[in-house]
$ cat my_file_8.pdb   # PDB, C-alpha atoms
ATOM      1  CA  MET A   1     150.934 127.563 114.644
ATOM      2  CA  THR A   2     149.932 129.588 117.683
ATOM      3  CA  LEU A   3     148.740 128.317 121.055
ATOM      4  CA  SER A   4     146.940 130.611 123.438
ATOM      5  CA  ARG A   5     144.878 130.645 126.580
ATOM      6  CA  ASP A   6     143.255 134.008 125.894
ATOM      7  CA  ALA A   7     143.588 134.492 122.137
ATOM      8  CA  LEU A   8     140.275 134.421 120.308
ATOM      9  CA  GLN A   9     139.172 133.050 116.959
ATOM     10  CA  PHE A  10     141.200 135.199 114.565
ATOM     11  CA  PRO A  11     144.972 135.855 114.554
ATOM     12  CA  GLY A  12     145.979 139.196 116.038
ATOM     13  CA  ARG A  13     142.825 139.505 118.160
ATOM     14  CA  VAL A  14     143.714 139.181 121.848
ATOM     15  CA  ARG A  15     141.353 139.962 124.662
ATOM     16  CA  GLY A  16     141.736 143.591 125.675
ATOM     17  CA  GLN A  17     143.195 144.734 122.346
ATOM     18  CA  THR A  18     141.370 146.400 119.462
ATOM     19  CA  PRO A  19     143.186 146.182 116.095
ATOM     20  CA  GLU A  20     142.981 149.350 114.029
ATOM     21  CA  ARG A  21     141.267 147.738 111.038
ATOM     22  CA  SER A  22     139.750 144.427 110.103
ATOM     23  CA  THR A  23     136.681 143.333 108.186
ATOM     24  CA  LEU A  24     135.736 140.681 110.737
ATOM     25  CA  THR A  25     136.626 139.895 114.319
ATOM     26  CA  THR A  26     135.121 138.172 117.346
ATOM     27  CA  GLU A  27     133.923 139.212 120.721
ATOM     28  CA  HIS A  28     134.580 136.899 123.668
ATOM     29  CA  GLU A  29     132.548 133.756 123.932
ATOM     30  CA  THR A  30     129.368 133.934 125.930
ATOM     31  CA  GLN A  31     128.816 131.820 129.001
ATOM     32  CA  HIS A  32     127.337 129.161 126.722
ATOM     33  CA  GLY A  33     130.331 129.036 124.408
ATOM     34  CA  VAL A  34     128.625 130.759 121.477
ATOM     35  CA  GLU A  35     131.068 132.808 119.414
ATOM     36  CA  GLN A  36     129.821 136.253 118.462
ATOM     37  CA  PHE A  37     130.729 137.556 115.030
ATOM     38  CA  MET A  38     130.326 141.260 114.534
ATOM     39  CA  PRO A  39     131.743 143.874 112.140
ATOM     40  CA  ARG A  40     133.648 146.929 113.155
ATOM     41  CA  GLU A  41     134.046 150.359 111.613
ATOM     42  CA  ARG A  42     134.678 150.383 107.886
ATOM     43  CA  PRO A  43     138.038 152.073 107.069
ATOM     44  CA  ALA A  44     137.432 155.570 105.714
ATOM     45  CA  GLY A  45     139.112 156.621 102.485
ATOM     46  CA  ASP A  46     139.451 153.057 101.238
ATOM     47  CA  PRO A  47     137.196 152.686  98.155
ATOM     48  CA  ALA A  48     138.629 149.254  97.442
ATOM     49  CA  CYS A  49     136.851 147.969 100.524
ATOM     50  CA  SER A  50     133.404 149.060  99.323
ATOM     51  CA  ALA A  51     132.606 146.029  97.171
ATOM     52  CA  THR A  52     133.859 143.675  99.858
ATOM     53  CA  TRP A  53     131.749 145.277 102.568
ATOM     54  CA  GLN A  54     128.699 145.393 100.315
ATOM     55  CA  ARG A  55     128.768 141.638  99.800
ATOM     56  CA  ARG A  56     129.979 140.644 103.235
ATOM     57  CA  GLY A  57     127.519 138.849 105.558
ATOM     58  CA  PHE A  58     128.004 138.798 109.311
ATOM     59  CA  TRP A  59     126.607 136.286 111.790
ATOM     60  CA  ARG A  60     125.965 136.976 115.413
ATOM     61  CA  ALA A  61     124.797 134.547 118.079
ATOM     62  CA  VAL A  62     122.736 136.325 120.697
ATOM     63  CA  GLY A  63     121.216 134.692 123.763
ATOM     64  CA  VAL A  64     118.910 131.944 122.532
ATOM     65  CA  SER A  65     118.540 133.084 118.937
ATOM     66  CA  LEU A  66     120.792 133.378 115.907
ATOM     67  CA  VAL A  67     120.664 136.712 114.121
ATOM     68  CA  ALA A  68     121.942 137.153 110.559
ATOM     69  CA  LEU A  69     123.134 140.649 109.738
ATOM     70  CA  ALA A  70     123.928 141.671 106.154
ATOM     71  CA  THR A  71     125.812 144.881 105.489
ATOM     72  CA  THR A  72     124.820 147.418 102.871
ATOM     73  CA  THR A  73     126.751 150.425 101.607
ATOM     74  CA  GLY A  74     126.330 153.412  99.360
ATOM     75  CA  ALA A  75     128.386 154.045  96.244
ATOM     76  CA  ALA A  76     132.179 154.044  96.476
ATOM     77  CA  ALA A  77     134.006 157.349  96.380
ATOM     78  CA  ALA A  78     135.635 158.467  93.135
ATOM     79  CA  PRO A  79     139.394 157.907  92.821
ATOM     80  CA  GLY A  80     141.270 160.458  94.892
ATOM     81  CA  GLU A  81     138.242 161.421  96.985
ATOM     82  CA  LYS A  82     137.681 160.512 100.599
ATOM     83  CA  SER A  83     135.023 157.841 101.076
ATOM     84  CA  ILE A  84     132.116 159.114 103.172
ATOM     85  CA  ALA A  85     129.450 156.751 101.845
ATOM     86  CA  PRO A  86     127.187 155.568 104.695
ATOM     87  CA  TRP A  87     126.825 151.873 105.450
ATOM     88  CA  GLY A  88     124.770 149.836 107.847
ATOM     89  CA  PHE A  89     122.765 146.667 108.364
ATOM     90  CA  GLU A  90     119.741 145.384 106.501
ATOM     91  CA  ASN A  91     116.768 143.861 108.354
ATOM     92  CA  LEU A  92     117.465 141.211 110.982
ATOM     93  CA  GLU A  93     116.859 137.539 110.204
ATOM     94  CA  ILE A  94     116.179 135.507 113.333
ATOM     95  CA  TYR A  95     116.513 131.754 113.873
ATOM     96  CA  ARG A  96     115.492 130.382 117.240
ATOM     97  CA  ALA A  97     118.148 128.393 119.098
ATOM     98  CA  SER A  98     118.660 127.049 122.611
ATOM     99  CA  ASP A  99     121.291 128.293 125.024
ATOM    100  CA  SER A 100     123.337 125.207 124.120
ATOM    101  CA  ALA A 101     124.120 126.505 120.620
ATOM    102  CA  ALA A 102     127.866 126.822 120.020
ATOM    103  CA  CYS A 103     130.674 126.828 117.467
ATOM    104  CA  VAL A 104     129.130 129.062 114.794
ATOM    105  CA  ARG A 105     130.946 128.492 111.471
ATOM    106  CA  PRO A 106     130.131 130.311 108.185
ATOM    107  CA  ALA A 107     130.923 128.372 104.976
ATOM    108  CA  ASP A 108     129.446 127.642 101.540
ATOM    109  CA  LEU A 109     128.034 124.233 102.444
ATOM    110  CA  ASP A 110     126.131 123.455  99.233
ATOM    111  CA  GLY A 111     128.425 124.920  96.574
ATOM    112  CA  ASP A 112     126.057 127.649  95.365
ATOM    113  CA  GLY A 113     128.507 130.484  96.028
ATOM    114  CA  ARG A 114     126.594 131.760  99.072
ATOM    115  CA  LEU A 115     127.770 131.570 102.658
ATOM    116  CA  ASP A 116     125.738 129.255 104.871
ATOM    117  CA  LEU A 117     125.990 128.541 108.577
ATOM    118  CA  ALA A 118     126.905 125.453 110.602
ATOM    119  CA  PHE A 119     126.661 125.339 114.386
ATOM    120  CA  ALA A 120     126.365 122.851 117.221
ATOM    121  CA  TYR A 121     122.936 122.422 118.817
ATOM    122  CA  ASN A 122     123.775 120.471 121.947
ATOM    123  CA  SER A 123     120.304 120.420 123.472
ATOM    124  CA  ASP A 124     119.433 117.572 121.086
ATOM    125  CA  THR A 125     123.019 116.458 120.241
ATOM    126  CA  SER A 126     122.910 117.656 116.662
ATOM    127  CA  ILE A 127     124.673 119.957 114.230
ATOM    128  CA  ARG A 128     122.399 122.409 112.436
ATOM    129  CA  LEU A 129     123.040 123.744 108.949
ATOM    130  CA  LEU A 130     121.325 126.920 107.733
ATOM    131  CA  LEU A 131     121.471 126.963 103.927
ATOM    132  CA  GLN A 132     120.749 130.144 102.004
ATOM    133  CA  THR A 133     117.831 129.840  99.566
ATOM    134  CA  THR A 134     118.129 133.293  97.960
ATOM    135  CA  GLY A 135     117.094 133.027  94.321
ATOM    136  CA  LYS A 136     115.847 129.454  94.745
ATOM    137  CA  GLN A 137     112.388 127.949  95.064
ATOM    138  CA  PRO A 138     110.915 128.510  98.552
ATOM    139  CA  VAL A 139     111.668 125.640 100.898
ATOM    140  CA  VAL A 140     108.955 123.500 102.457
ATOM    141  CA  ALA A 141     107.974 124.426 106.004
ATOM    142  CA  GLY A 142     109.714 122.386 108.664
ATOM    143  CA  ASP A 143     108.888 121.243 112.169
ATOM    144  CA  GLY A 144     108.857 124.711 113.751
ATOM    145  CA  ASP A 145     111.813 123.995 116.013
ATOM    146  CA  GLY A 146     114.781 124.208 113.688
ATOM    147  CA  GLY A 147     114.298 120.790 112.094
ATOM    148  CA  ASN A 148     114.706 120.005 108.404
ATOM    149  CA  GLY A 149     113.068 122.525 106.104
ATOM    150  CA  ALA A 150     112.083 126.090 106.943
ATOM    151  CA  ALA A 151     109.887 126.779 109.924
ATOM    152  CA  ALA A 152     106.498 128.301 109.212
ATOM    153  CA  LYS A 153     105.292 131.433 110.974
ATOM    154  CA  ASP A 154     103.000 130.830 113.923
ATOM    155  CA  GLU A 155     100.001 133.114 113.520
ATOM    156  CA  ASN A 156      99.062 132.554 117.190
ATOM    157  CA  ALA A 157     102.474 133.504 118.569
ATOM    158  CA  GLU A 158     102.754 136.126 121.275
ATOM    159  CA  LEU A 159     104.373 139.479 120.550
ATOM    160  CA  ASN A 160     107.813 138.596 121.953
ATOM    161  CA  ASP A 161     107.964 134.960 120.833
ATOM    162  CA  ILE A 162     111.005 134.218 118.661
ATOM    163  CA  GLN A 163     110.109 132.853 115.237
ATOM    164  CA  PHE A 164     112.152 131.752 112.247
ATOM    165  CA  ASP A 165     112.737 133.706 109.090
ATOM    166  CA  ARG A 166     112.187 131.580 106.005
ATOM    167  CA  ARG A 167     115.138 132.471 103.762
ATOM    168  CA  PHE A 168     117.332 129.688 105.117
ATOM    169  CA  GLU A 169     116.693 125.972 104.853
ATOM    170  CA  THR A 170     117.517 124.067 108.024
ATOM    171  CA  VAL A 171     119.276 120.691 107.943
ATOM    172  CA  LYS A 172     119.707 118.696 111.148
ATOM    173  CA  ILE A 173     122.537 116.160 111.576
ATOM    174  CA  TYR A 174     122.419 114.030 114.740
ATOM    175  CA  THR A 175     125.786 113.425 116.400
ATOM    176  CA  GLU A 176     124.899 111.438 119.554
ATOM    177  CA  LYS A 177     127.490 113.616 121.288
ATOM    178  CA  GLU A 178     127.795 117.049 122.811
ATOM    179  CA  VAL A 179     129.874 119.047 120.331
ATOM    180  CA  ARG A 180     132.739 120.894 122.034
ATOM    181  CA  ALA A 181     134.609 122.098 118.909
ATOM    182  CA  LEU A 182     133.586 122.281 115.244
ATOM    183  CA  ASP A 183     135.155 123.300 111.938
ATOM    184  CA  VAL A 184     134.321 122.990 108.239
ATOM    185  CA  GLY A 185     136.389 122.082 105.170
ATOM    186  CA  ASP A 186     136.897 119.625 102.292
ATOM    187  CA  LEU A 187     138.437 116.583 103.972
ATOM    188  CA  ASP A 188     138.170 114.029 101.158
ATOM    189  CA  GLY A 189     139.137 115.996  98.058
ATOM    190  CA  ASP A 190     135.690 116.041  96.422
ATOM    191  CA  ARG A 191     135.496 119.873  96.586
ATOM    192  CA  LYS A 192     132.567 119.692  98.999
ATOM    193  CA  PRO A 193     132.955 120.959 102.581
ATOM    194  CA  ASP A 194     132.734 118.365 105.332
ATOM    195  CA  LEU A 195     132.325 118.720 109.100
ATOM    196  CA  ALA A 196     134.881 117.826 111.770
ATOM    197  CA  PHE A 197     134.014 118.001 115.450
ATOM    198  CA  TYR A 198     135.363 116.964 118.818
ATOM    199  CA  GLY A 199     132.655 115.716 121.130
ATOM    200  CA  ASP A 200     131.743 114.413 124.528
ATOM    201  CA  PRO A 201     131.993 111.441 125.093
ATOM    202  CA  PRO A 202     135.550 112.207 123.868
ATOM    203  CA  GLU A 203     136.101 111.386 120.212
ATOM    204  CA  LEU A 204     137.073 113.200 117.005
ATOM    205  CA  VAL A 205     134.472 112.684 114.277
ATOM    206  CA  VAL A 206     134.467 113.656 110.600
ATOM    207  CA  ILE A 207     131.072 113.846 108.849
ATOM    208  CA  TYR A 208     131.360 113.763 105.062
ATOM    209  CA  GLN A 209     128.940 115.439 102.690
ATOM    210  CA  SER A 210     129.184 112.669 100.080
ATOM    211  CA  GLY A 211     125.702 111.240  99.603
ATOM    212  CA  GLU A 212     123.474 112.484 102.424
ATOM    213  CA  TRP A 213     124.937 114.409 105.331
ATOM    214  CA  GLY A 214     125.948 111.910 108.009
ATOM    215  CA  SER A 215     125.805 108.823 105.794
ATOM    216  CA  LYS A 216     129.619 108.548 105.857
ATOM    217  CA  GLN A 217     131.675 109.200 108.975
ATOM    218  CA  VAL A 218     135.210 108.551 110.205
ATOM    219  CA  LYS A 219     136.016 108.478 113.926
ATOM    220  CA  PHE A 220     139.314 108.873 115.760
ATOM    221  CA  PRO A 221     139.455 107.613 119.388
ATOM    222  CA  ILE A 222     141.235 110.652 120.823
ATOM    223  CA  THR A 223     140.191 110.949 124.466
ATOM    224  CA  ASP A 224     142.381 113.822 125.704
ATOM    225  CA  GLY A 225     141.336 116.580 123.315
ATOM    226  CA  THR A 226     140.733 120.038 124.779
ATOM    227  CA  PRO A 227     136.981 120.708 125.263
ATOM    228  CA  SER A 228     137.153 124.247 123.900
ATOM    229  CA  THR A 229     135.507 125.838 120.859
ATOM    230  CA  GLY A 230     138.941 127.023 119.683
ATOM    231  CA  ALA A 231     140.657 123.627 119.977
ATOM    232  CA  LEU A 232     139.906 122.316 116.465
ATOM    233  CA  ARG A 233     141.000 123.720 113.106
ATOM    234  CA  VAL A 234     140.682 122.442 109.532
ATOM    235  CA  ARG A 235     143.732 123.851 107.747
ATOM    236  CA  ASP A 236     146.331 122.948 105.106
ATOM    237  CA  VAL A 237     149.249 122.440 107.500
ATOM    238  CA  ASP A 238     151.797 121.197 104.939
ATOM    239  CA  ALA A 239     150.933 123.420 101.938
ATOM    240  CA  ASP A 240     150.073 120.471  99.671
ATOM    241  CA  GLY A 241     146.712 121.945  98.654
ATOM    242  CA  ARG A 242     144.741 119.515 100.826
ATOM    243  CA  LEU A 243     143.029 120.377 104.105
ATOM    244  CA  ASP A 244     144.099 118.599 107.285
ATOM    245  CA  ILE A 245     142.806 118.477 110.854
ATOM    246  CA  VAL A 246     144.562 120.051 113.841
ATOM    247  CA  LEU A 247     143.242 119.239 117.324
ATOM    248  CA  LEU A 248     144.615 120.662 120.544
ATOM    249  CA  GLY A 249     145.104 118.064 123.278
ATOM    250  CA  LYS A 250     146.354 118.203 126.847
ATOM    251  CA  GLY A 251     150.000 119.216 126.444
ATOM    252  CA  LYS A 252     150.039 118.064 122.840
ATOM    253  CA  THR A 253     148.677 118.783 119.372
ATOM    254  CA  TYR A 254     147.214 116.149 117.061
ATOM    255  CA  ILE A 255     147.662 116.529 113.298
ATOM    256  CA  ILE A 256     145.658 114.329 110.906
ATOM    257  CA  ARG A 257     146.821 114.802 107.326
ATOM    258  CA  GLN A 258     144.801 114.223 104.172
ATOM    259  CA  ASN A 259     146.694 112.167 101.603
ATOM    260  CA  ALA A 260     146.645 112.368  97.810
ATOM    261  CA  SER A 261     143.691 109.951  97.557
ATOM    262  CA  GLY A 262     141.571 112.089  99.899
ATOM    263  CA  ALA A 263     141.829 109.756 102.899
ATOM    264  CA  LEU A 264     142.782 110.916 106.384
ATOM    265  CA  GLY A 265     145.854 109.316 107.924
ATOM    266  CA  SER A 266     146.623 108.331 111.490
ATOM    267  CA  PRO A 267     147.027 111.115 114.063
ATOM    268  CA  GLU A 268     150.518 112.545 114.487
ATOM    269  CA  ILE A 269     151.451 114.022 117.862
ATOM    270  CA  LEU A 270     153.412 117.202 118.536
ATOM    271  CA  TYR A 271     154.137 117.928 122.193
ATOM    272  CA  ASN A 272     153.495 121.482 123.379
ATOM    273  CA  ALA A 273     155.608 123.527 125.743
ATOM    274  CA  TYR A 274     152.438 125.232 127.008
ATOM    275  CA  ALA A 275     150.255 122.668 128.768
ATOM    276  CA  ASP A 276     147.269 124.909 129.590
ATOM    277  CA  ALA A 277     146.439 126.150 126.076
ATOM    278  CA  THR A 278     142.736 126.279 125.260
ATOM    279  CA  SER A 279     142.888 127.577 121.674
ATOM    280  CA  ILE A 280     145.034 126.904 118.645
ATOM    281  CA  GLU A 281     145.528 128.886 115.441
ATOM    282  CA  VAL A 282     147.253 127.657 112.289
TER     283      VAL A 282
END

$ encode --input "my_file_8.pdb" --output "structure tokens"
Amino acid sequence: MTLSRDALQFPGRVRGQTPERSTLTTEHETQHGVEQFMPRERPAGDPACSATWQRRGFWRAVGVSLVALATTTGAAAAPGEKSIAPWGFENLEIYRASDSAACVRPADLDGDGRLDLAFAYNSDTSIRLLLQTTGKQPVVAGDGDGGNGAAAKDENAELNDIQFDRRFETVKIYTEKEVRALDVGDLDGDRKPDLAFYGDPPELVVIYQSGEWGSKQVKFPITDGTPSTGALRVRDVDADGRLDIVLLGKGKTYIIRQNASGALGSPEILYNAYADATSIEV
């Protein structure tokens, strides 16, 4: 477990350093707390990476819109030959968001094998889910502002107005809180990802996917959690095959373990030697 004031989302990525190779890393958070996901140079001479990079999707939060970038590559080099196949991005897919959007998290939220996107939308105290609809029936047009369904194109829009692409279905989950930290994972053992977030007013909340999103919730009255996008992690901390919750507090770390029946236990407290940590990695 690693505590840091300056470390970013992924292990080994510290502000000011540039690792030699990685398939995914983060740039520093914007002034609004939106994490920016962007790919770096594909390692040359590594044909084994070709299939991974061809399927990999990258998300980037930019200003007041979310932009989905999918990579595409040429054929892999033959064994023993240096890979020089070009690669790049396909067309942009844009989803309008306010400057309060934060905590972008990619995950397969509906079990169809495709990565989706969850992020906080604090302007209306909600969490938005963007679900891939590739290969499915087109979704019904939504409310035009990121509500449930897919937003229809506005034929009267001005040239520079941001509009939604239609390939993702939007699901809105109201939280009644400003979301400060968010993570995704199966927290009840049903093999469906759930949402855990730390909010303001201070409280740790778990939103289960069982039934309809938001129909089942568990709340933990933790009031001294760190209001940072890197303060919450859903990880298997004890290697029992079940995901747990780790929340960074003020001078302490809270661990909430998932038991064999899929229920979350009471918070355990570990005291930290570093009182000013703003991010935790497990």

$ atom_distance --input "my_file_8.pdb" --atom1 "CA of Ala107 (chain A)" --atom2 "CA of Phe89 (chain A)"
20.3 Å

$ closest_residue --input "my_file_8.pdb" --among "A:Leu204, A:Leu182, A:Ile280, A:Ile94" --to "Ala120 (chain A)" --atoms "all atoms listed in the file"
A:Leu182

$ atom_distance --input "my_file_8.pdb" --atom1 "CA of Tyr274 (chain A)" --atom2 "CA of Arg233 (chain A)"
18.1 Å

$ residues_around --input "my_file_8.pdb" --residues "Ile222 (chain A)" --least-positions-apart "6" --cutoff "9 Å" --atoms "only C-alpha atoms" --output "ChimeraX atom specification"
/A:198,202-204,249,254,267

$ resolve_selection --input "my_file_8.pdb" --expression "the PyMOL selection byres ((chain A and resi 105) around 8)" --output "ChimeraX atom specification"
/A:103-104,106-107,117-119,182-184

$ closest_residue --input "my_file_8.pdb" --among "A:Asp244, A:Glu169, A:Asp238, A:Glu176" --to "Ala196 (chain A)" --atoms "all atoms listed in the file"
A:Asp244

$ atom_distance --input "my_file_8.pdb" --atom1 "CA of Arg191 (chain A)" --atom2 "CA of Arg235 (chain A)"
14.4 Å

$ residues_around --input "my_file_8.pdb" --residues "Ser228 (chain A)" --least-positions-apart "5" --cutoff "8 Å" --atoms "all atoms listed in the file" --output "PyMOL selection string"
chain A and resi 180-181+278-279
